[in-house]
Every structure is written in C-alpha cells, then in structure tokens.
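Shown next, in structure tokens, is the structure this report addresses.
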Amino acid sequence: MTHPEFWIRLGGVYFLAFAIFHVLFWRLFDWPTRLAGLDRINRGIMQTLNVCLTFLLFLTGFLLLIYTAEVRHTGLGRALLAGCGLFWLMRAALQWLWFPLQPALSRGLLLVFIAGAGIFFTPLLLMIGGIH
C-alpha cells in the first residue's frame with residue numbers, strides 16, 4: 001500500500017463507486033416526486049448537473065484505472081491527482097456547510113469525502129517522498 005499506483009487505482013474505484021451512486025439518485029431520493037415541487041428550470045438544473053457530474057465521475061474513474069502509469073509519471077497526471085484531492089476536500093467542506101451533521105449518514109459521508117481527499121493526496125506525498 002506504499003505504491004502510488006495502488007492509491008491511483010483505488011481512486012479510480014472510488015470515482016466509479018460515486019458515479020454508480022449518482023446514477024441511483026432518481027430512485028434513492030425519489031426525484032420524480034420530490035423534484036416535482038420545483039419549477040421546470042430548477043428541476044432541469046438538478047437533473048442536468050447530476051447527469052453531467054455522473055459522466056465526469058465515470059470518466060475520471062476510467063482514466064485513473066486505465067492510464068495509471070501516465071497519471072503516476074506525468075506532470076499532468078500529478079495535477080489530476082491534486083485536482084481530485086481538492087475536489088473531495090471541497091465536497092467535504094460543502095457537506096459541513098450545507099447538510100445537517102446530526103444524521104449519522106451525513107457525518108459518515110463527511111468522513112468518506114475526507115477519506116477521498118486522502119486517497120488522492122497519498123500518492124502525491126509518496127511520490128514527493130521518493131517512494132516508487
């Protein structure tokens with residue numbers, strides 16, 4: 001687990017798991033019923049953002065799994081890792097800001113998002129430390 005490639009692949013799986021989670025939003029959150037109370041524009045925004053985010057989650061997961069060596073050995077790859085770490089750190093901050101932390105599920109998600117940031121910052125730290 002001290003090899004950057006392990007963490008990069010784990011990050012790919014992490015992204016793919018969240019992509020699948022987002023595919024299930026319509027069913028999990030009963031969006032046909034719950035979004036019906038929104039006007040057409042806001043309902044469309046919610047669904048469009050979710051579909052586009054789901055695509056980016058799948059794409060990022062795929063790229064991390066298929067192009068692990070390129071991510072590991074290029075400046076662009078390291079920038080992608082840093083960006084992914086910042087993305088999940090930002091998501092954790094937004095969880096803290098906009099969601100009530102009383103439900104255990106919400107606190108659990110906060111920890112999952114912080115762990116996600118760690119998944120992406122770990123290979124960067126290993127590479128800085130000279131771990132091959």
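Simple scheme: letters A, B, ... for chains in structure tokens order, numbers from 1 for residues in each chain, numbers from 1 for ligands in the order shown.
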Query raised in the report: Gly108 (chain A): which residues within 12 Å, counting only C-alpha atoms, same-chain residues fewer than 6 positions away excluded, as an NGL selection string?
Result: :A and (92 or 95-96 or 99-102 or 114-115)
Query - Polymer residues at most 8 Å from Phe58 (chain A), only C-alpha atoms, same-chain spacing of 3 or more positions, as a PyMOL selection string - result: chain A and resi 15-16+19+54-55+61-62
**Report entry** region 72-84 of chain A environment, 10 Å, only C-alpha atoms, sequence neighbours closer than 6 positions dropped, as a list in words
**Finding:**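 Here the qualifying residues turn out to be Pro4, Glu5, Ile8, Gly11, Phe15, Thr60, Leu63, Leu64, Met90, Gly116, Ala117, Gly118, Ile119, Phe120, Phe121, Thr122, Pro123, Leu124, Met127 and His132 of chain A.
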Query - Which of region 5-43 of chain A DSSP labels alpha helix (DSSP H), written as an MDAnalysis selection string - result: chainID A and resid 5:23 25:28 31:34 40:43
Go ahead and dump the residues you just picked, N, CA and C atoms, as a short mmCIF file (atom, residue, chain, number, x, y, z; two decimals), in the first residue's frame.
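Result saved to part38.cif:
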```cif
data_model
loop_
_atom_site.label_atom_id
_atom_site.label_comp_id
_atom_site.auth_asym_id
_atom_site.auth_seq_id
_atom_site.Cartn_x
_atom_site.Cartn_y
_atom_site.Cartn_z
N GLU A 5 0.73 3.62 -7.38
CA GLU A 5 -0.21 3.02 -8.31
C GLU A 5 -1.42 2.42 -7.59
N PHE A 6 -1.19 1.83 -6.42
CA PHE A 6 -2.30 1.29 -5.63
C PHE A 6 -3.31 2.39 -5.33
N TRP A 7 -2.82 3.54 -4.87
CA TRP A 7 -3.71 4.65 -4.48
C TRP A 7 -4.41 5.25 -5.69
N ILE A 8 -3.71 5.31 -6.82
CA ILE A 8 -4.33 5.84 -8.05
C ILE A 8 -5.47 4.94 -8.49
N ARG A 9 -5.25 3.62 -8.48
CA ARG A 9 -6.31 2.68 -8.84
C ARG A 9 -7.47 2.72 -7.84
N LEU A 10 -7.14 2.82 -6.55
CA LEU A 10 -8.18 2.95 -5.53
C LEU A 10 -9.01 4.20 -5.79
N GLY A 11 -8.35 5.27 -6.20
CA GLY A 11 -9.06 6.49 -6.55
C GLY A 11 -10.00 6.28 -7.73
N GLY A 12 -9.57 5.49 -8.70
CA GLY A 12 -10.44 5.17 -9.83
C GLY A 12 -11.68 4.42 -9.39
N VAL A 13 -11.51 3.46 -8.52
CA VAL A 13 -12.65 2.70 -7.99
C VAL A 13 -13.55 3.62 -7.18
N TYR A 14 -12.96 4.51 -6.40
CA TYR A 14 -13.71 5.48 -5.59
C TYR A 14 -14.61 6.34 -6.49
N PHE A 15 -14.04 6.86 -7.57
CA PHE A 15 -14.83 7.67 -8.50
C PHE A 15 -15.95 6.84 -9.15
N LEU A 16 -15.64 5.62 -9.55
CA LEU A 16 -16.67 4.78 -10.18
C LEU A 16 -17.80 4.46 -9.20
N ALA A 17 -17.46 4.24 -7.94
CA ALA A 17 -18.50 3.97 -6.93
C ALA A 17 -19.42 5.18 -6.77
N PHE A 18 -18.85 6.37 -6.77
CA PHE A 18 -19.70 7.56 -6.67
C PHE A 18 -20.50 7.79 -7.95
N ALA A 19 -19.97 7.40 -9.09
CA ALA A 19 -20.74 7.50 -10.33
C ALA A 19 -21.98 6.62 -10.24
N ILE A 20 -21.81 5.40 -9.77
CA ILE A 20 -22.95 4.49 -9.63
C ILE A 20 -23.95 5.05 -8.63
N PHE A 21 -23.45 5.60 -7.52
CA PHE A 21 -24.32 6.23 -6.52
C PHE A 21 -25.16 7.34 -7.16
N HIS A 22 -24.54 8.15 -8.01
CA HIS A 22 -25.27 9.25 -8.66
C HIS A 22 -26.28 8.74 -9.68
N VAL A 23 -26.01 7.63 -10.33
CA VAL A 23 -26.99 7.03 -11.24
C VAL A 23 -28.26 6.67 -10.48
N PHE A 25 -29.58 8.23 -7.92
CA PHE A 25 -30.23 9.35 -7.24
C PHE A 25 -31.73 9.40 -7.49
N TRP A 26 -32.17 9.14 -8.72
CA TRP A 26 -33.60 9.24 -9.02
C TRP A 26 -34.40 8.31 -8.12
N ARG A 27 -33.90 7.11 -7.93
CA ARG A 27 -34.61 6.14 -7.10
C ARG A 27 -34.37 6.40 -5.60
N LEU A 28 -33.11 6.60 -5.21
CA LEU A 28 -32.78 6.77 -3.79
C LEU A 28 -33.47 7.97 -3.15
N TRP A 31 -36.66 11.30 -6.77
CA TRP A 31 -36.65 12.55 -7.51
C TRP A 31 -37.91 12.81 -8.33
N PRO A 32 -38.54 11.81 -8.94
CA PRO A 32 -39.77 12.14 -9.69
C PRO A 32 -40.80 12.85 -8.81
N THR A 33 -40.92 12.44 -7.57
CA THR A 33 -41.88 13.06 -6.65
C THR A 33 -41.31 14.32 -6.02
N ARG A 34 -40.10 14.24 -5.51
CA ARG A 34 -39.51 15.36 -4.76
C ARG A 34 -39.16 16.55 -5.63
N ARG A 40 -39.79 24.17 -13.58
CA ARG A 40 -39.16 23.38 -14.64
C ARG A 40 -37.66 23.66 -14.78
N ILE A 41 -37.28 24.93 -14.65
CA ILE A 41 -35.87 25.30 -14.80
C ILE A 41 -35.02 24.68 -13.69
N ASN A 42 -35.44 24.84 -12.43
CA ASN A 42 -34.66 24.30 -11.32
C ASN A 42 -34.65 22.78 -11.32
N ARG A 43 -35.75 22.15 -11.70
CA ARG A 43 -35.80 20.69 -11.83
C ARG A 43 -34.81 20.25 -12.91
#
```
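Taking CA of Gly129 (chain A) as the reference point, CA of Arg91 (chain A) is found at 27.0 Å.
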Report task. Rounded to one decimal place, report the CA of Trp88 (chain A)-CA of Arg107 (chain A) distance in Å. Result -> 14.8 Å
